[in-house]
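K.L.:
What follows is my_file-v8.cif; its format and atoms are mmCIF, C-alpha atoms and all ligand atoms.
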```
data_input
#
loop_
_atom_site.group_PDB
_atom_site.id
_atom_site.type_symbol
_atom_site.label_atom_id
_atom_site.label_comp_id
_atom_site.auth_asym_id
_atom_site.auth_seq_id
_atom_site.Cartn_x
_atom_site.Cartn_y
_atom_site.Cartn_z
ATOM 1 C CA MET A 1 -153.279 -41.935 152.694
ATOM 2 C CA ASN A 2 -150.130 -43.799 153.538
ATOM 3 C CA ARG A 3 -151.594 -47.089 152.523
ATOM 4 C CA LEU A 4 -152.704 -45.596 149.192
ATOM 5 C CA ALA A 5 -149.259 -44.140 148.558
ATOM 6 C CA VAL A 6 -147.671 -47.519 149.231
ATOM 7 C CA ALA A 7 -150.175 -49.207 146.983
ATOM 8 C CA VAL A 8 -149.462 -46.764 144.131
ATOM 9 C CA ALA A 9 -145.751 -47.071 144.680
ATOM 10 C CA SER A 10 -145.843 -50.835 144.631
ATOM 11 C CA THR A 11 -148.022 -50.824 141.535
ATOM 12 C CA VAL A 12 -145.538 -48.554 139.787
ATOM 13 C CA SER A 13 -142.554 -50.614 140.813
ATOM 14 C CA ALA A 14 -144.366 -53.787 139.846
ATOM 15 C CA ALA A 15 -145.009 -52.273 136.417
ATOM 16 C CA ALA A 16 -141.402 -51.154 136.169
ATOM 17 C CA LEU A 17 -140.229 -54.623 137.116
ATOM 18 C CA ALA A 18 -142.558 -56.156 134.591
ATOM 19 C CA ALA A 19 -141.395 -53.800 131.871
ATOM 20 C CA GLY A 20 -137.753 -54.006 132.903
ATOM 21 C CA PRO A 21 -136.842 -57.524 131.782
ATOM 22 C CA THR A 22 -138.926 -57.143 128.615
ATOM 23 C CA ALA A 23 -137.190 -53.893 127.743
ATOM 24 C CA THR A 24 -133.698 -55.228 128.326
ATOM 25 C CA ALA A 25 -134.304 -58.709 127.010
ATOM 26 C CA GLU A 26 -134.588 -57.627 123.393
ATOM 27 C CA PRO A 27 -131.139 -56.136 122.820
ATOM 28 C CA SER A 28 -129.462 -59.063 124.603
ATOM 29 C CA PRO A 29 -129.686 -61.699 121.850
ATOM 30 C CA GLY A 30 -128.396 -59.216 119.295
ATOM 31 C CA LYS A 31 -125.735 -57.940 121.643
ATOM 32 C CA HIS A 32 -124.413 -61.404 122.356
ATOM 33 C CA GLY A 33 -125.204 -62.847 118.952
ATOM 34 C CA ALA A 34 -123.538 -60.168 116.825
ATOM 35 C CA PRO A 35 -119.913 -60.652 117.883
ATOM 36 C CA ALA A 36 -120.219 -64.436 117.558
ATOM 37 C CA ARG A 37 -121.601 -64.114 114.039
ATOM 38 C CA HIS A 38 -119.002 -61.584 112.896
ATOM 39 C CA HIS A 39 -115.995 -62.825 114.814
ATOM 40 C CA ALA A 40 -114.504 -65.274 112.283
ATOM 41 C CA PRO A 41 -114.856 -63.160 109.107
ATOM 42 C CA ALA A 42 -113.611 -60.078 110.949
ATOM 43 C CA LYS A 43 -110.513 -61.956 112.055
ATOM 44 C CA VAL A 44 -109.746 -63.064 108.482
ATOM 45 C CA ALA A 45 -110.349 -59.510 107.244
ATOM 46 C CA ASN A 46 -108.032 -58.144 109.929
ATOM 47 C CA GLU A 47 -105.339 -60.599 108.897
ATOM 48 C CA SER A 48 -105.723 -59.598 105.233
ATOM 49 C CA ALA A 49 -105.566 -55.920 106.195
ATOM 50 C CA ARG A 50 -102.448 -56.474 108.273
ATOM 51 C CA LEU A 51 -100.707 -58.447 105.515
ATOM 52 C CA ALA A 52 -101.756 -55.966 102.808
ATOM 53 C CA ARG A 53 -100.203 -53.173 104.897
ATOM 54 C CA SER A 54 -96.992 -55.200 105.291
ATOM 55 C CA VAL A 55 -96.814 -55.785 101.529
ATOM 56 C CA LEU A 56 -97.278 -52.045 100.933
ATOM 57 C CA ASN A 57 -94.482 -51.319 103.424
ATOM 58 C CA ALA A 58 -92.089 -53.924 102.007
ATOM 59 C CA LYS A 59 -89.093 -52.302 100.408
ATOM 60 C CA GLY A 60 -88.423 -53.630 96.936
ATOM 61 C CA ILE A 61 -92.028 -54.252 95.874
ATOM 62 C CA THR A 62 -93.260 -51.789 93.262
ATOM 63 C CA TYR A 63 -96.504 -51.590 91.291
ATOM 64 C CA ALA A 64 -97.538 -50.963 87.727
ATOM 65 C CA THR A 65 -99.179 -47.544 87.420
ATOM 66 C CA ALA A 66 -101.317 -48.582 84.440
ATOM 67 C CA HIS A 67 -102.893 -51.754 83.150
ATOM 68 C CA GLN A 68 -101.752 -53.343 79.907
ATOM 69 C CA ASP A 69 -104.612 -51.806 77.921
ATOM 70 C CA ASP A 70 -106.205 -49.274 80.230
ATOM 71 C CA THR A 71 -105.571 -46.788 83.017
ATOM 72 C CA ASP A 72 -108.454 -47.578 85.438
ATOM 73 C CA LYS A 73 -106.991 -46.455 88.751
ATOM 74 C CA ALA A 74 -109.469 -48.144 91.119
ATOM 75 C CA SER A 75 -108.300 -51.626 90.075
ATOM 76 C CA LEU A 76 -104.525 -51.042 90.007
ATOM 77 C CA PRO A 77 -102.539 -53.486 92.179
ATOM 78 C CA LYS A 78 -101.362 -50.900 94.698
ATOM 79 C CA GLN A 79 -104.940 -49.639 95.074
ATOM 80 C CA ASN A 80 -106.113 -53.259 95.634
ATOM 81 C CA LEU A 81 -103.704 -53.447 98.591
ATOM 82 C CA ILE A 82 -104.620 -49.984 99.914
ATOM 83 C CA ASP A 83 -108.326 -50.876 99.849
ATOM 84 C CA VAL A 84 -107.785 -54.145 101.726
ATOM 85 C CA SER A 85 -105.381 -52.545 104.225
ATOM 86 C CA ASN A 86 -108.212 -50.101 105.001
ATOM 87 C CA GLY A 87 -110.709 -52.905 105.586
ATOM 88 C CA ARG A 88 -112.395 -52.612 102.198
ATOM 89 C CA LEU A 89 -112.545 -55.033 99.276
ATOM 90 C CA ALA A 90 -110.298 -54.888 96.203
ATOM 91 C CA ARG A 91 -111.867 -53.834 92.912
ATOM 92 C CA THR A 92 -111.679 -55.670 89.622
ATOM 93 C CA SER A 93 -111.440 -53.799 86.304
ATOM 94 C CA PRO A 94 -114.525 -52.752 84.301
ATOM 95 C CA TRP A 95 -113.358 -54.762 81.245
ATOM 96 C CA GLY A 96 -112.306 -58.037 82.913
ATOM 97 C CA HIS A 97 -114.449 -61.166 83.308
ATOM 98 C CA LYS A 98 -115.752 -59.896 86.678
ATOM 99 C CA LYS A 99 -116.553 -56.330 85.778
ATOM 100 C CA GLY A 100 -116.514 -53.971 88.725
ATOM 101 C CA ALA A 101 -116.596 -56.707 91.377
ATOM 102 C CA ARG A 102 -115.251 -56.239 94.894
ATOM 103 C CA VAL A 103 -113.221 -59.135 96.212
ATOM 104 C CA ALA A 104 -111.142 -60.044 99.257
ATOM 105 C CA LEU A 105 -107.437 -60.733 98.996
ATOM 106 C CA ASP A 106 -106.346 -64.195 100.053
ATOM 107 C CA THR A 107 -104.035 -64.281 103.078
ATOM 108 C CA LYS A 108 -101.831 -67.008 101.539
ATOM 109 C CA MET A 109 -101.310 -64.874 98.422
ATOM 110 C CA LEU A 110 -100.504 -61.806 100.542
ATOM 111 C CA ASN A 111 -98.112 -63.787 102.704
ATOM 112 C CA GLY A 112 -96.413 -65.208 99.584
ATOM 113 C CA ALA A 113 -95.978 -61.767 98.007
ATOM 114 C CA LEU A 114 -94.599 -60.427 101.292
ATOM 115 C CA LYS A 115 -92.065 -63.250 101.737
ATOM 116 C CA LEU A 116 -90.803 -62.909 98.158
ATOM 117 C CA SER A 117 -89.472 -59.595 99.423
ATOM 118 C CA THR A 118 -88.693 -60.153 103.100
ATOM 119 C CA GLN A 119 -87.458 -63.766 102.925
ATOM 120 C CA TYR A 120 -86.170 -64.143 99.345
ATOM 121 C CA HIS A 121 -85.125 -60.486 98.965
ATOM 122 C CA TYR A 122 -86.478 -60.108 95.451
ATOM 123 C CA LYS A 123 -87.085 -56.650 94.105
ATOM 124 C CA PHE A 124 -90.092 -56.996 91.858
ATOM 125 C CA GLN A 125 -92.995 -55.206 90.278
ATOM 126 C CA ILE A 126 -96.566 -56.463 90.567
ATOM 127 C CA SER A 127 -98.526 -55.652 87.415
ATOM 128 C CA GLU A 128 -101.925 -57.050 88.476
ATOM 129 C CA ILE A 129 -103.699 -58.605 91.438
ATOM 130 C CA VAL A 130 -107.501 -58.596 90.923
ATOM 131 C CA GLY A 131 -107.472 -55.952 88.158
ATOM 132 C CA GLY A 132 -106.914 -56.465 84.425
ATOM 133 C CA LYS A 133 -108.247 -59.185 82.163
ATOM 134 C CA HIS A 134 -107.059 -62.743 82.655
ATOM 135 C CA GLY A 135 -107.401 -66.148 81.000
ATOM 136 C CA SER A 136 -111.034 -66.843 81.878
ATOM 137 C CA HIS A 137 -113.735 -66.052 84.403
ATOM 138 C CA THR A 138 -112.269 -68.781 86.644
ATOM 139 C CA SER A 139 -108.875 -67.045 86.882
ATOM 140 C CA LYS A 140 -107.646 -66.938 90.478
ATOM 141 C CA HIS A 141 -106.896 -63.239 90.014
ATOM 142 C CA TYR A 142 -110.627 -62.581 90.309
ATOM 143 C CA THR A 143 -110.707 -64.254 93.731
ATOM 144 C CA GLY A 144 -107.633 -62.447 95.056
ATOM 145 C CA ARG A 145 -105.375 -65.490 94.943
ATOM 146 C CA ALA A 146 -102.875 -64.590 92.205
ATOM 147 C CA ILE A 147 -100.280 -61.957 91.325
ATOM 148 C CA ASP A 148 -98.641 -61.120 87.998
ATOM 149 C CA VAL A 149 -95.057 -59.912 88.083
ATOM 150 C CA THR A 150 -93.358 -58.094 85.194
ATOM 151 C CA TRP A 151 -90.032 -56.906 86.640
ATOM 152 C CA ILE A 152 -87.596 -58.954 88.735
ATOM 153 C CA ASN A 153 -84.445 -57.366 90.203
ATOM 154 C CA GLY A 154 -84.444 -54.558 87.662
ATOM 155 C CA ARG A 155 -84.974 -56.711 84.565
ATOM 156 C CA HIS A 156 -88.188 -57.234 82.654
ATOM 157 C CA VAL A 157 -89.530 -60.786 82.568
ATOM 158 C CA GLY A 158 -88.644 -62.217 79.164
ATOM 159 C CA GLU A 159 -85.599 -59.946 78.944
ATOM 160 C CA LYS A 160 -82.976 -61.785 81.007
ATOM 161 C CA ALA A 161 -84.855 -61.537 84.297
ATOM 162 C CA ASP A 162 -84.283 -64.528 86.593
ATOM 163 C CA HIS A 163 -87.854 -65.700 86.264
ATOM 164 C CA GLN A 164 -86.935 -69.301 87.085
ATOM 165 C CA GLY A 165 -85.522 -68.434 90.501
ATOM 166 C CA PHE A 166 -88.527 -66.261 91.231
ATOM 167 C CA MET A 167 -90.965 -68.974 90.131
ATOM 168 C CA LYS A 168 -89.185 -71.512 92.339
ATOM 169 C CA ALA A 169 -89.480 -69.127 95.311
ATOM 170 C CA CYS A 170 -93.227 -68.803 94.658
ATOM 171 C CA ARG A 171 -93.580 -72.594 94.750
ATOM 172 C CA LYS A 172 -91.560 -72.815 97.978
ATOM 173 C CA LEU A 173 -93.890 -70.211 99.468
ATOM 174 C CA GLY A 174 -96.818 -72.490 98.770
ATOM 175 C CA ALA A 175 -98.006 -71.285 95.360
ATOM 176 C CA SER A 176 -100.045 -74.071 93.768
ATOM 177 C CA LYS A 177 -99.713 -72.842 90.161
ATOM 178 C CA VAL A 178 -96.843 -70.850 88.706
ATOM 179 C CA PHE A 179 -96.438 -69.798 85.062
ATOM 180 C CA GLY A 180 -93.771 -67.823 83.232
ATOM 181 C CA PRO A 181 -91.804 -67.592 79.961
ATOM 182 C CA GLY A 182 -92.232 -70.885 78.121
ATOM 183 C CA ASP A 183 -95.862 -71.194 79.238
ATOM 184 C CA LYS A 184 -98.600 -70.050 76.880
ATOM 185 C CA GLY A 185 -99.502 -66.391 77.396
ATOM 186 C CA HIS A 186 -96.648 -65.746 79.842
ATOM 187 C CA LYS A 187 -93.801 -64.559 77.628
ATOM 188 C CA ARG A 188 -93.432 -61.328 79.562
ATOM 189 C CA HIS A 189 -94.823 -61.957 83.025
ATOM 190 C CA VAL A 190 -94.744 -64.489 85.852
ATOM 191 C CA HIS A 191 -98.030 -65.645 87.379
ATOM 192 C CA CYS A 192 -98.014 -67.057 90.923
ATOM 193 C CA GLN A 193 -101.263 -68.255 92.485
ATOM 194 C CA TRP A 194 -102.148 -69.627 95.866
HETATM 195 ZN ZN ZN A 201 -101.788 -64.047 86.122
#
```
Translate this file's structure into structure tokens.
Ligand SMILES: [Zn+2]

P.N.:
Amino acid sequence: MNRLAVAVASTVSAAALAAGPTATAEPSPGKHGAPARHHAPAKVANESARLARSVLNAKGITYATAHQDDTDKASLPKQNLIDVSNGRLARTSPWGHKKGARVALDTKMLNGALKLSTQYHYKFQISEIVGGKHGSHTSKHYTGRAIDVTWINGRHVGEKADHQGFMKACRKLGASKVFGPGDKGHKRHVHCQW
């Protein structure tokens, strides 16, 4: 009797041992693999979210509450920042070149917009980030790398606003292309892209 009990017990534990590693081995690759795969993009997304929140909190930055030709709320500039600050992607407008797309916001662009306020102390209004319709399907707006600005320190661009000082600040903050009054299609807004 005792010998039989021992034999059964050892058979059971042998089966448990055999099943054990097999049962736990499967989740392991996923468990260890997942963070490694997602680590880099998550970090970038976290940085974008953090910067988007800082831009939203920056005193002196305001946002257009309508597009030039439409009122689509989901693609307004403030909503772009709210979406990204909440870990989501920013939405383009239904009538632009990238209809209804969801795109990330570039950290260099966000940092530039932030510093225009915190470092250069401009009060300005952003009219578009990824929303609206821009020059072509290759516009950097559609990849979250450009902002349009219509008001600078209480004056509308094209109506005695200091667009030149603002444009210079964009360049100093690393913007690679900057357009404003005097450039085709930019009579009444400044475009800074990173
Ligand atoms: Zn633009």

K.L.:
Restricting the calculation to only C-alpha atoms and all ligand atoms, which member of A:Leu173, A:Val55, A:Ile147, A:Val157 is positioned closest to ligand ZN 201 (chain A)?

P.N.:
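Among the listed residues, A:Ile147 lies closest to ligand ZN 201 (chain A).
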
K.L.:
Which residues, named as in the file, does the PyMOL selection byres (((chain A and resi 121-130) around 7) and not hetatm) pick out? Answer as a list in words.

P.N.:
Gly60, Ile61, Thr62, Tyr63, Ala64, Leu76, Pro77, Arg91, Thr92, Leu116, Ser117, Thr118, Gln119, Tyr120, Gly131, Gly132, His141, Tyr142, Gly144, Ala146, Ile147, Asp148, Val149, Thr150, Trp151, Ile152 and Asn153 of chain A

K.L.:
What is the CA of Leu89 (chain A) to CA of Lys172 (chain A) distance in Å?

P.N.:
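The value is 27.5 Å.
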
K.L.:
Within 8 Å of (-101.5, -57.5, 104.4), only C-alpha atoms: residues as a compact mmCIF listing (two decimals) with C-alpha atoms, in the coordinates of the input?

P.N.:
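This is the output file point-v6.txt:
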```txt
# COMPACT_ATOMS: atom_id res chain seq x y z
CA GLU A 47 -105.34 -60.60 108.90
CA SER A 48 -105.72 -59.60 105.23
CA ALA A 49 -105.57 -55.92 106.20
CA ARG A 50 -102.45 -56.47 108.27
CA LEU A 51 -100.71 -58.45 105.52
CA ALA A 52 -101.76 -55.97 102.81
CA ARG A 53 -100.20 -53.17 104.90
CA SER A 54 -96.99 -55.20 105.29
CA VAL A 55 -96.81 -55.78 101.53
CA LEU A 56 -97.28 -52.04 100.93
CA LEU A 81 -103.70 -53.45 98.59
CA VAL A 84 -107.78 -54.14 101.73
CA SER A 85 -105.38 -52.54 104.22
CA THR A 107 -104.04 -64.28 103.08
CA LEU A 110 -100.50 -61.81 100.54
CA ASN A 111 -98.11 -63.79 102.70
```

K.L.:
Can you measure CA of Ser176 (chain A) to CA of Asp72 (chain A) for me? One decimal in Å is fine.

P.N.:
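CA of Ser176 (chain A) sits 29.0 Å away from CA of Asp72 (chain A).
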
K.L.:
Nearest to ligand ZN 201 (chain A): which of A:Asp106, A:Glu159, A:Asp183, A:Asp69 is it, counting all atoms listed in the file?

P.N.:
A:Asp183
